[in-house]
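Below: start.cif (mmCIF, C-alpha atoms and all ligand atoms)
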```
data_query
#
loop_
_atom_site.label_atom_id
_atom_site.label_comp_id
_atom_site.auth_asym_id
_atom_site.auth_seq_id
_atom_site.Cartn_x
_atom_site.Cartn_y
_atom_site.Cartn_z
CA MET F 1 -17.51 15.99 11.69
CA THR F 2 -14.11 14.66 10.67
CA ILE F 3 -13.75 10.88 10.68
CA PRO F 4 -10.18 9.80 11.51
CA PHE F 5 -8.71 7.40 9.00
CA PHE F 6 -5.64 5.21 8.53
CA ASP F 7 -4.40 4.63 5.00
CA GLY F 8 -3.00 1.33 3.76
CA HIS F 9 -0.66 2.65 1.06
CA ASN F 10 0.92 5.86 -0.17
CA ASP F 11 4.06 6.67 -2.18
CA THR F 12 4.63 10.08 -0.60
CA LEU F 13 8.19 9.25 0.48
CA LEU F 14 9.08 8.64 -3.18
CA LYS F 15 7.47 11.97 -4.08
CA LEU F 16 9.65 13.61 -1.43
CA LEU F 17 12.75 11.72 -2.62
CA GLU F 18 12.26 13.17 -6.09
CA ALA F 19 11.46 16.70 -4.85
CA GLU F 20 14.04 19.49 -4.77
CA GLY F 21 14.76 21.21 -1.49
CA ASP F 22 14.32 20.60 2.21
CA LYS F 23 12.21 17.46 2.23
CA GLU F 24 11.04 17.44 5.83
CA ARG F 25 9.98 21.07 5.54
CA LEU F 26 8.13 20.32 2.30
CA PHE F 27 6.18 17.58 4.08
CA ILE F 28 5.54 19.55 7.25
CA GLU F 29 4.75 22.93 5.68
CA GLY F 30 3.05 21.70 2.53
CA MET F 31 3.90 20.36 -0.92
CA PRO F 32 1.07 21.10 -3.38
CA ALA F 33 2.55 18.75 -6.00
CA ALA F 34 2.03 15.78 -3.66
CA ASP F 35 -1.25 14.06 -2.76
CA ILE F 36 -0.29 14.00 0.93
CA ASP F 37 1.49 16.54 3.12
CA LEU F 38 1.04 17.22 6.80
CA PRO F 39 -1.29 20.26 6.63
CA ARG F 40 -3.70 18.50 4.28
CA ALA F 41 -3.43 15.19 6.15
CA LYS F 42 -4.45 16.97 9.37
CA ALA F 43 -7.28 18.84 7.65
CA ALA F 44 -8.66 15.61 6.17
CA GLY F 45 -8.54 13.59 9.40
CA MET F 46 -5.68 11.33 8.35
CA ALA F 47 -4.47 9.74 11.59
CA GLY F 48 -1.73 7.75 9.92
CA GLY F 49 -0.88 5.19 7.32
CA PHE F 50 1.59 2.83 5.75
CA PHE F 51 4.29 4.92 4.10
CA ALA F 52 5.72 2.88 1.26
CA MET F 53 9.29 2.97 0.09
CA PHE F 54 9.13 1.93 -3.55
CA PRO F 55 12.62 1.70 -5.02
CA PRO F 56 12.23 3.45 -8.36
CA PRO F 57 13.72 1.96 -11.50
CA LEU F 58 16.76 3.46 -13.15
CA LYS F 59 15.84 6.64 -15.01
CA GLY F 60 15.92 5.03 -18.43
CA ASN F 61 13.17 2.60 -17.46
CA LEU F 62 10.80 5.07 -15.80
CA GLY F 63 8.28 5.21 -18.62
CA SER F 64 7.59 1.50 -18.42
CA VAL F 65 6.57 1.43 -14.79
CA VAL F 66 4.05 4.12 -13.96
CA ALA F 67 0.56 2.71 -13.58
CA GLY F 68 -1.20 5.09 -15.89
CA ALA F 69 -2.63 5.73 -19.31
CA GLY F 70 -0.47 4.39 -22.10
CA ASN F 71 1.96 2.64 -19.79
CA ALA F 72 0.09 -0.61 -19.20
CA LYS F 73 2.01 -2.44 -21.90
CA GLY F 74 1.54 -5.69 -20.07
CA GLU F 75 5.22 -6.53 -19.65
CA LEU F 76 7.26 -6.72 -16.45
CA PRO F 77 9.75 -3.88 -16.09
CA PRO F 78 13.42 -4.92 -15.80
CA GLU F 79 14.73 -6.11 -12.44
CA LEU F 80 16.48 -3.63 -10.17
CA GLY F 81 19.92 -4.27 -8.67
CA LEU F 82 20.58 -4.43 -4.94
CA ALA F 83 22.83 -1.34 -4.82
CA ASP F 84 20.33 0.87 -6.68
CA ALA F 85 17.44 -0.35 -4.56
CA GLN F 86 19.38 0.18 -1.33
CA ALA F 87 20.42 3.71 -2.30
CA SER F 88 16.83 4.90 -2.79
CA THR F 89 15.40 2.87 0.10
CA LEU F 90 17.94 4.26 2.55
CA ALA F 91 17.28 7.77 1.24
CA MET F 92 13.51 7.36 1.78
CA THR F 93 14.08 5.87 5.24
CA ALA F 94 16.24 8.89 6.04
CA ILE F 95 13.51 11.28 4.89
CA ALA F 96 11.00 9.55 7.19
CA LEU F 97 13.43 9.71 10.12
CA GLN F 98 14.11 13.41 9.43
CA ILE F 99 10.38 14.19 9.32
CA GLU F 100 10.00 12.32 12.61
CA ARG F 101 12.87 14.25 14.19
CA ALA F 102 11.27 17.51 13.06
CA GLY F 103 8.00 16.46 14.72
CA GLY F 104 6.03 15.80 11.51
CA MET F 105 5.27 12.13 12.08
CA ALA F 106 5.94 9.24 14.46
CA ILE F 107 7.42 6.07 12.97
CA CYS F 108 5.33 3.41 14.72
CA ARG F 109 6.40 -0.15 15.43
CA SER F 110 3.15 -1.50 16.88
CA ALA F 111 -0.56 -0.78 17.19
CA ALA F 112 0.11 0.60 20.69
CA GLU F 113 2.62 3.10 19.27
CA ILE F 114 0.08 4.14 16.62
CA ARG F 115 -2.60 4.70 19.27
CA ALA F 116 -0.17 6.74 21.37
CA ALA F 117 0.87 8.88 18.40
CA VAL F 118 -2.74 9.49 17.37
CA ALA F 119 -3.72 10.35 20.94
CA GLY F 120 -0.92 12.92 20.97
CA GLY F 121 -2.03 14.42 17.65
CA THR F 122 1.00 13.13 15.72
CA LEU F 123 0.66 11.51 12.30
CA ALA F 124 1.38 7.77 12.74
CA ALA F 125 3.55 6.22 10.03
CA VAL F 126 4.25 2.53 9.53
CA LEU F 127 7.26 2.05 7.24
CA HIS F 128 6.65 -0.34 4.36
CA ILE F 129 8.80 -1.45 1.45
CA GLU F 130 7.05 -2.07 -1.86
CA GLY F 131 9.31 -4.65 -3.46
CA ALA F 132 12.08 -6.24 -1.38
CA GLU F 133 14.90 -5.43 -3.85
CA ALA F 134 16.81 -3.53 -1.15
CA ILE F 135 16.98 -6.60 1.09
CA ASP F 136 19.95 -8.90 0.46
CA THR F 137 19.28 -12.60 0.90
CA ARG F 138 21.49 -12.70 4.03
CA PHE F 139 18.93 -10.28 5.53
CA ASP F 140 21.63 -7.83 6.70
CA ALA F 141 19.64 -4.92 5.25
CA LEU F 142 16.50 -6.34 6.85
CA GLU F 143 18.20 -6.16 10.24
CA VAL F 144 19.11 -2.51 9.71
CA LEU F 145 15.77 -1.46 8.20
CA TYR F 146 13.90 -3.25 10.99
CA ALA F 147 15.92 -1.26 13.52
CA ALA F 148 14.93 1.92 11.65
CA GLY F 149 11.26 0.96 12.06
CA LEU F 150 10.38 -1.14 9.00
CA ARG F 151 7.30 -3.23 9.86
CA SER F 152 5.69 -4.12 6.52
CA ILE F 153 7.02 -5.69 3.32
CA GLY F 154 5.53 -6.32 -0.07
CA LEU F 155 7.79 -9.05 -1.46
CA VAL F 156 7.46 -7.54 -4.91
CA TRP F 157 6.30 -4.55 -6.82
CA SER F 158 5.17 -5.34 -10.39
CA ARG F 159 8.49 -6.87 -11.39
CA ALA F 160 10.55 -9.93 -10.45
CA ASN F 161 13.24 -10.02 -7.77
CA ALA F 162 15.22 -12.55 -5.72
CA TYR F 163 12.13 -13.43 -3.68
CA ALA F 164 9.12 -13.57 -5.97
CA SER F 165 7.49 -12.27 -9.12
CA GLY F 166 5.00 -9.44 -9.40
CA VAL F 167 2.12 -9.13 -11.83
CA PRO F 168 2.57 -6.90 -14.86
CA PHE F 169 -0.19 -4.29 -15.32
CA ARG F 170 -2.56 -6.00 -17.74
CA PHE F 171 -6.21 -5.47 -18.61
CA PRO F 172 -8.08 -7.67 -18.88
CA SER F 173 -6.04 -10.34 -17.15
CA ASP F 174 -5.85 -12.32 -13.96
CA ALA F 175 -2.64 -12.78 -11.94
CA GLU F 176 -1.78 -16.30 -13.19
CA ILE F 177 1.50 -15.03 -14.62
CA GLY F 178 4.94 -16.31 -13.65
CA PRO F 179 6.45 -18.50 -10.93
CA GLY F 180 5.91 -18.58 -7.17
CA LEU F 181 8.32 -17.74 -4.35
CA SER F 182 11.98 -18.67 -4.52
CA ASP F 183 13.59 -20.42 -1.54
CA ALA F 184 14.80 -16.99 -0.44
CA GLY F 185 11.23 -15.72 -0.72
CA LYS F 186 9.99 -18.52 1.51
CA ALA F 187 12.73 -17.74 4.03
CA LEU F 188 11.74 -14.06 3.97
CA VAL F 189 8.12 -14.93 4.73
CA LYS F 190 9.24 -16.96 7.74
CA GLU F 191 11.55 -14.17 8.87
CA CYS F 192 8.71 -11.64 8.62
CA ASN F 193 6.42 -13.91 10.64
CA SER F 194 8.99 -14.38 13.38
CA ARG F 195 9.83 -10.65 13.66
CA GLY F 196 6.31 -9.28 13.32
CA ILE F 197 6.64 -7.70 9.90
CA MET F 198 3.39 -7.58 7.94
CA ILE F 199 3.47 -9.22 4.50
CA ASP F 200 1.64 -7.38 1.74
CA LEU F 201 0.19 -9.37 -1.18
CA SER F 202 -0.65 -6.42 -3.47
CA HIS F 203 1.43 -6.72 -6.70
CA LEU F 204 2.26 -10.41 -6.08
CA ASN F 205 1.31 -12.91 -8.81
CA ALA F 206 -1.09 -15.81 -8.20
CA ALA F 207 1.57 -18.49 -7.63
CA GLY F 208 3.31 -16.28 -5.07
CA PHE F 209 0.00 -15.52 -3.39
CA ARG F 210 -0.63 -19.26 -2.98
CA ASP F 211 2.85 -19.76 -1.52
CA VAL F 212 2.46 -16.96 1.04
CA SER F 213 -1.00 -18.24 1.89
CA ALA F 214 0.43 -21.72 2.57
CA LEU F 215 3.49 -20.50 4.49
CA SER F 216 2.50 -17.47 6.54
CA ASP F 217 1.07 -17.91 10.01
CA ARG F 218 -0.63 -14.49 9.94
CA PRO F 219 -3.82 -13.17 8.33
CA LEU F 220 -3.42 -12.41 4.62
CA VAL F 221 -3.21 -8.72 3.71
CA ALA F 222 -3.48 -6.86 0.40
CA THR F 223 -2.85 -3.22 1.32
CA HIS F 224 -3.99 -1.62 -1.96
CA SER F 225 -5.97 -3.90 -4.27
CA ASN F 226 -9.48 -4.02 -5.69
CA VAL F 227 -12.07 -6.52 -6.89
CA HIS F 228 -11.32 -8.29 -10.18
CA ALA F 229 -14.99 -9.12 -10.79
CA ILE F 230 -15.62 -5.35 -11.15
CA CYS F 231 -12.34 -4.30 -12.82
CA ALA F 232 -10.46 -7.14 -14.51
CA ASN F 233 -6.96 -5.67 -14.04
CA SER F 234 -4.21 -8.18 -13.22
CA ARG F 235 -3.55 -6.20 -10.00
CA ASN F 236 -7.02 -6.94 -8.63
CA LEU F 237 -8.15 -9.89 -6.54
CA VAL F 238 -10.14 -12.75 -8.04
CA ASP F 239 -12.73 -14.73 -6.08
CA TRP F 240 -10.37 -17.46 -4.79
CA GLN F 241 -7.93 -14.83 -3.54
CA LEU F 242 -10.67 -12.96 -1.70
CA ALA F 243 -11.86 -16.29 -0.25
CA ALA F 244 -8.33 -17.11 0.95
CA ILE F 245 -8.01 -13.68 2.57
CA ALA F 246 -11.41 -14.11 4.23
CA GLU F 247 -10.51 -17.61 5.43
CA SER F 248 -7.36 -16.26 7.07
CA GLY F 249 -9.22 -13.41 8.76
CA GLY F 250 -7.28 -10.98 6.58
CA ILE F 251 -7.90 -7.56 5.09
CA VAL F 252 -7.91 -5.61 1.81
CA GLY F 253 -7.38 -1.85 1.47
CA VAL F 254 -9.45 -0.40 -1.36
CA ASN F 255 -7.24 1.30 -3.97
CA TYR F 256 -8.38 4.64 -5.50
CA ALA F 257 -6.32 4.36 -8.71
CA ALA F 258 -8.65 4.90 -11.67
CA GLY F 259 -7.37 1.99 -13.76
CA PHE F 260 -7.86 -0.47 -10.90
CA LEU F 261 -11.42 0.79 -10.28
CA ARG F 262 -13.17 1.17 -13.60
CA PRO F 263 -14.96 -1.73 -15.29
CA ASP F 264 -13.45 -0.56 -18.60
CA GLY F 265 -9.93 -0.51 -17.10
CA GLN F 266 -9.27 3.02 -18.39
CA TRP F 267 -7.01 5.52 -16.66
CA LEU F 268 -9.40 8.47 -16.52
CA LYS F 269 -9.67 11.19 -13.92
CA ASP F 270 -13.43 11.50 -14.37
CA THR F 271 -14.04 8.24 -12.54
CA PRO F 272 -17.03 8.64 -10.20
CA MET F 273 -16.87 8.04 -6.46
CA GLU F 274 -19.69 5.54 -6.95
CA VAL F 275 -17.18 3.10 -8.49
CA VAL F 276 -15.03 3.18 -5.35
CA VAL F 277 -18.16 2.48 -3.31
CA ARG F 278 -18.96 -0.51 -5.55
CA HIS F 279 -15.56 -2.03 -4.74
CA VAL F 280 -16.09 -1.41 -1.02
CA ASP F 281 -19.51 -3.09 -1.25
CA ALA F 282 -17.99 -6.14 -2.95
CA LEU F 283 -15.10 -6.29 -0.46
CA VAL F 284 -17.51 -6.18 2.48
CA ALA F 285 -19.56 -8.95 0.87
CA ALA F 286 -16.46 -11.12 0.36
CA LEU F 287 -14.49 -10.34 3.53
CA GLY F 288 -17.01 -9.16 6.09
CA GLU F 289 -17.09 -5.89 8.00
CA ASP F 290 -13.70 -6.51 9.65
CA GLY F 291 -11.90 -7.27 6.38
CA VAL F 292 -12.12 -3.97 4.51
CA ALA F 293 -9.99 -0.86 4.90
CA LEU F 294 -8.48 1.98 2.88
CA GLY F 295 -5.43 1.70 0.59
CA SER F 296 -5.33 4.96 -1.34
CA ASP F 297 -2.25 4.68 -3.62
CA PHE F 298 -1.82 8.46 -3.12
CA ASP F 299 1.28 9.78 -4.88
CA GLY F 300 1.56 6.50 -6.78
CA ALA F 301 -1.10 6.51 -9.46
CA MET F 302 -3.73 8.50 -11.37
CA LEU F 303 -6.68 8.99 -9.05
CA PRO F 304 -10.26 10.13 -9.74
CA ALA F 305 -10.62 13.93 -9.71
CA GLU F 306 -13.48 13.53 -7.21
CA ILE F 307 -10.90 12.27 -4.68
CA GLY F 308 -7.95 14.28 -5.97
CA ASP F 309 -5.72 14.15 -2.91
CA VAL F 310 -5.85 13.28 0.78
CA THR F 311 -8.50 15.95 1.37
CA GLY F 312 -10.86 13.89 -0.80
CA VAL F 313 -10.99 10.94 1.59
CA PRO F 314 -13.78 12.51 3.72
CA LYS F 315 -15.89 12.58 0.53
CA LEU F 316 -15.43 8.83 0.15
CA LEU F 317 -16.36 8.22 3.79
CA GLN F 318 -19.41 10.46 3.33
CA ALA F 319 -20.36 8.48 0.22
CA LEU F 320 -20.30 5.31 2.33
CA LEU F 321 -22.52 6.97 4.96
CA ASP F 322 -24.86 8.14 2.20
CA LYS F 323 -25.00 4.58 0.84
CA GLY F 324 -26.38 3.44 4.21
CA TYR F 325 -23.19 2.27 5.92
CA GLY F 326 -23.56 2.99 9.64
CA GLU F 327 -21.14 5.26 11.46
CA GLU F 328 -19.66 2.29 13.30
CA LEU F 329 -18.89 0.40 10.08
CA VAL F 330 -17.44 3.49 8.39
CA GLY F 331 -15.25 3.99 11.46
CA LYS F 332 -13.98 0.42 11.14
CA ILE F 333 -13.25 0.73 7.42
CA ALA F 334 -11.59 4.10 7.96
CA TYR F 335 -9.48 3.27 10.99
CA GLY F 336 -10.39 0.42 13.34
CA ASN F 337 -9.86 -2.48 10.96
CA TRP F 338 -6.29 -1.45 10.11
CA LEU F 339 -5.43 -1.03 13.79
CA LYS F 340 -6.71 -4.51 14.64
CA MET F 341 -4.88 -6.05 11.68
CA ILE F 342 -1.64 -4.31 12.62
CA GLU F 343 -2.00 -5.69 16.12
CA ARG F 344 -2.36 -9.20 14.71
CA THR F 345 0.39 -9.02 12.08
CA ILE F 346 2.95 -6.71 13.68
CA GLY F 347 2.09 -6.49 17.34
ZN ZN F 401 1.51 -0.31 -5.46
#
```
Can the structure from this file be put into structure tokens for me?
Amino acid sequence: MTIPFFDGHNDTLLKLLEAEGDKERLFIEGMPAADIDLPRAKAAGMAGGFFAMFPPPLKGNLGSVVAGAGNAKGELPPELGLADAQASTLAMTAIALQIERAGGMAICRSAAEIRAAVAGGTLAAVLHIEGAEAIDTRFDALEVLYAAGLRSIGLVWSRANAYASGVPFRFPSDAEIGPGLSDAGKALVKECNSRGIMIDLSHLNAAGFRDVSALSDRPLVATHSNVHAICANSRNLVDWQLAAIAESGGIVGVNYAAGFLRPDGQWLKDTPMEVVVRHVDALVAALGEDGVALGSDFDGAMLPAEIGDVTGVPKLLQALLDKGYGEELVGKIAYGNWLKMIERTIG
């Protein structure tokens, strides 16, 4: 039995951006170097997901940004300029549009469009930007990206920009690092609310989290974050953040990245599935059965070998069933909870 699932976060468009060759064919026919491609997504039961567009740093700064062993130096990477961010974001948007035109995915603008795509057997993609560097403060780029299908924005990746400040990768640390939203950041939150663009809190620092929580009229969402009480990485959510998300009727997608899972904070591939299940248990306890979903971080981080790539997700869902989660609850965590949240935040 294959359980359909919807994923809260992947960086596959960046993987495709950096790949040589015909990118839509790589996605549609298979790209072994990536964690997600269409053949494996279909085999695993992936119905769809948020496809992130993370504007990569300039080449010289690459080593400082990857969330992995030896790179968690605890400092924020340098800021990225508008022109550089727009160049890569437009290129990733173009890749998604080309895959859609070739029949490999449907770029969905609402829960209804996701349901229609899934019913027709097409992979449902919601376009997300991870760090709003590509959006000028006049929101001209927002207008264009929205027209191309953008429906989800993380104000920041783990660096600062015109809108807010992200958390550097630190262990052990909480997210009480740096200032809250700028005036432009507050305006962007309001603009997202009025258009029906979901706001993602993963990577945002604590002051920014409080500002979004106070300003946004939608449930709070962290697409790919874990529980700080289990793994004290700065990227994970502390008790008051989980309480604020619960209070808002929001959701958290559990992240499979090893360094955000393990109690020792290490980036090791031999991280057991049981640790992912522990985070799901804690998220269900904090947020309830409607507040937990998946947020893989495929193609964006070092993942446990037991998961490996998208074909490992059924093993996680089986581990939840084995732990005593009923089929209905596993179905909600895998798929239903994201669909409901998208309906409430996007439409
Ligand atoms: Zn991320």
Give me, as an mmCIF file with C-alpha atoms, in the coordinates of the input, the set of residues whose atoms come within 12 Å of any atom of ligand ZN 401 (chain F), counting all atoms listed in the file.
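Everything below was put into out23.cif:
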```cif
data_model
loop_
_atom_site.group_PDB
_atom_site.id
_atom_site.type_symbol
_atom_site.label_atom_id
_atom_site.label_comp_id
_atom_site.auth_asym_id
_atom_site.auth_seq_id
_atom_site.Cartn_x
_atom_site.Cartn_y
_atom_site.Cartn_z
ATOM 1 C CA GLY F 8 -3.000 1.330 3.760
ATOM 2 C CA HIS F 9 -0.660 2.650 1.060
ATOM 3 C CA ASN F 10 0.920 5.860 -0.170
ATOM 4 C CA ASP F 11 4.060 6.670 -2.180
ATOM 5 C CA THR F 12 4.630 10.080 -0.600
ATOM 6 C CA LEU F 14 9.080 8.640 -3.180
ATOM 7 C CA PHE F 50 1.590 2.830 5.750
ATOM 8 C CA PHE F 51 4.290 4.920 4.100
ATOM 9 C CA ALA F 52 5.720 2.880 1.260
ATOM 10 C CA MET F 53 9.290 2.970 0.090
ATOM 11 C CA PHE F 54 9.130 1.930 -3.550
ATOM 12 C CA PRO F 55 12.620 1.700 -5.020
ATOM 13 C CA PRO F 56 12.230 3.450 -8.360
ATOM 14 C CA VAL F 65 6.570 1.430 -14.790
ATOM 15 C CA VAL F 66 4.050 4.120 -13.960
ATOM 16 C CA ALA F 67 0.560 2.710 -13.580
ATOM 17 C CA HIS F 128 6.650 -0.340 4.360
ATOM 18 C CA ILE F 129 8.800 -1.450 1.450
ATOM 19 C CA GLU F 130 7.050 -2.070 -1.860
ATOM 20 C CA GLY F 131 9.310 -4.650 -3.460
ATOM 21 C CA ILE F 153 7.020 -5.690 3.320
ATOM 22 C CA GLY F 154 5.530 -6.320 -0.070
ATOM 23 C CA LEU F 155 7.790 -9.050 -1.460
ATOM 24 C CA VAL F 156 7.460 -7.540 -4.910
ATOM 25 C CA TRP F 157 6.300 -4.550 -6.820
ATOM 26 C CA SER F 158 5.170 -5.340 -10.390
ATOM 27 C CA ARG F 159 8.490 -6.870 -11.390
ATOM 28 C CA GLY F 166 5.000 -9.440 -9.400
ATOM 29 C CA VAL F 167 2.120 -9.130 -11.830
ATOM 30 C CA PRO F 168 2.570 -6.900 -14.860
ATOM 31 C CA PHE F 169 -0.190 -4.290 -15.320
ATOM 32 C CA ASP F 200 1.640 -7.380 1.740
ATOM 33 C CA LEU F 201 0.190 -9.370 -1.180
ATOM 34 C CA SER F 202 -0.650 -6.420 -3.470
ATOM 35 C CA HIS F 203 1.430 -6.720 -6.700
ATOM 36 C CA LEU F 204 2.260 -10.410 -6.080
ATOM 37 C CA ALA F 222 -3.480 -6.860 0.400
ATOM 38 C CA THR F 223 -2.850 -3.220 1.320
ATOM 39 C CA HIS F 224 -3.990 -1.620 -1.960
ATOM 40 C CA SER F 225 -5.970 -3.900 -4.270
ATOM 41 C CA ASN F 226 -9.480 -4.020 -5.690
ATOM 42 C CA ARG F 235 -3.550 -6.200 -10.000
ATOM 43 C CA ASN F 236 -7.020 -6.940 -8.630
ATOM 44 C CA GLY F 253 -7.380 -1.850 1.470
ATOM 45 C CA VAL F 254 -9.450 -0.400 -1.360
ATOM 46 C CA ASN F 255 -7.240 1.300 -3.970
ATOM 47 C CA TYR F 256 -8.380 4.640 -5.500
ATOM 48 C CA ALA F 257 -6.320 4.360 -8.710
ATOM 49 C CA PHE F 260 -7.860 -0.470 -10.900
ATOM 50 C CA GLY F 295 -5.430 1.700 0.590
ATOM 51 C CA SER F 296 -5.330 4.960 -1.340
ATOM 52 C CA ASP F 297 -2.250 4.680 -3.620
ATOM 53 C CA PHE F 298 -1.820 8.460 -3.120
ATOM 54 C CA ASP F 299 1.280 9.780 -4.880
ATOM 55 C CA GLY F 300 1.560 6.500 -6.780
ATOM 56 C CA ALA F 301 -1.100 6.510 -9.460
ATOM 57 C CA MET F 302 -3.730 8.500 -11.370
#
```
Separation of atom CA of Ala214 of chain F and atom CA of Lys186 of chain F, in Å?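 Taking atom CA of Ala214 of chain F and atom CA of Lys186 of chain F, their separation equals 10.1 Å.
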Test item: which residues lie within 8 Å of (10.5, -0.2, 13.2) counting all atoms listed in the file, as a PyMOL selection string: chain F and resi 107-109+126-127+145-151
For the residues selected in the previous step, produce a file with C-alpha atoms as a PDB file, in the frame of the given file.
```pdb
ATOM      1  CA  ILE F 107       7.420   6.070  12.970  1.00  0.00           C
ATOM      2  CA  CYS F 108       5.330   3.410  14.720  1.00  0.00           C
ATOM      3  CA  ARG F 109       6.400  -0.150  15.430  1.00  0.00           C
ATOM      4  CA  VAL F 126       4.250   2.530   9.530  1.00  0.00           C
ATOM      5  CA  LEU F 127       7.260   2.050   7.240  1.00  0.00           C
ATOM      6  CA  LEU F 145      15.770  -1.460   8.200  1.00  0.00           C
ATOM      7  CA  TYR F 146      13.900  -3.250  10.990  1.00  0.00           C
ATOM      8  CA  ALA F 147      15.920  -1.260  13.520  1.00  0.00           C
ATOM      9  CA  ALA F 148      14.930   1.920  11.650  1.00  0.00           C
ATOM     10  CA  GLY F 149      11.260   0.960  12.060  1.00  0.00           C
ATOM     11  CA  LEU F 150      10.380  -1.140   9.000  1.00  0.00           C
ATOM     12  CA  ARG F 151       7.300  -3.230   9.860  1.00  0.00           C
TER      13      ARG F 151
END
```
Do you know which residues are at most 7 Å from Pro4 of chain F counting all atoms listed in the file, after dropping those on the same chain fewer than 5 positions away, and could you put them as number ranges by chain? F: 45-47, 334-335
Selection above as a file: C-alpha atoms, as a compact mmCIF listing (two decimals), in the frame of the given file:
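Result file is out_13.txt:
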```txt
# COMPACT_ATOMS: atom_id res chain seq x y z
CA GLY F 45 -8.54 13.59 9.40
CA MET F 46 -5.68 11.33 8.35
CA ALA F 47 -4.47 9.74 11.59
CA ALA F 334 -11.59 4.10 7.96
CA TYR F 335 -9.48 3.27 10.99
```
Residue among F:Gly259, F:Gly48, F:Pro57, F:Gly103 lying closest to Glu133 of chain F, counting only C-alpha atoms: F:Pro57
Length of the atom CA of Asn205 of chain F to atom CA of Ala286 of chain F vector [Å]: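 A separation of 20.1 Å between them.
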Gap from atom CA of Leu16 of chain F to atom CA of Val221 of chain F - Å, one decimal: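 One can read the atom CA of Leu16 of chain F to atom CA of Val221 of chain F distance as 26.3 Å.
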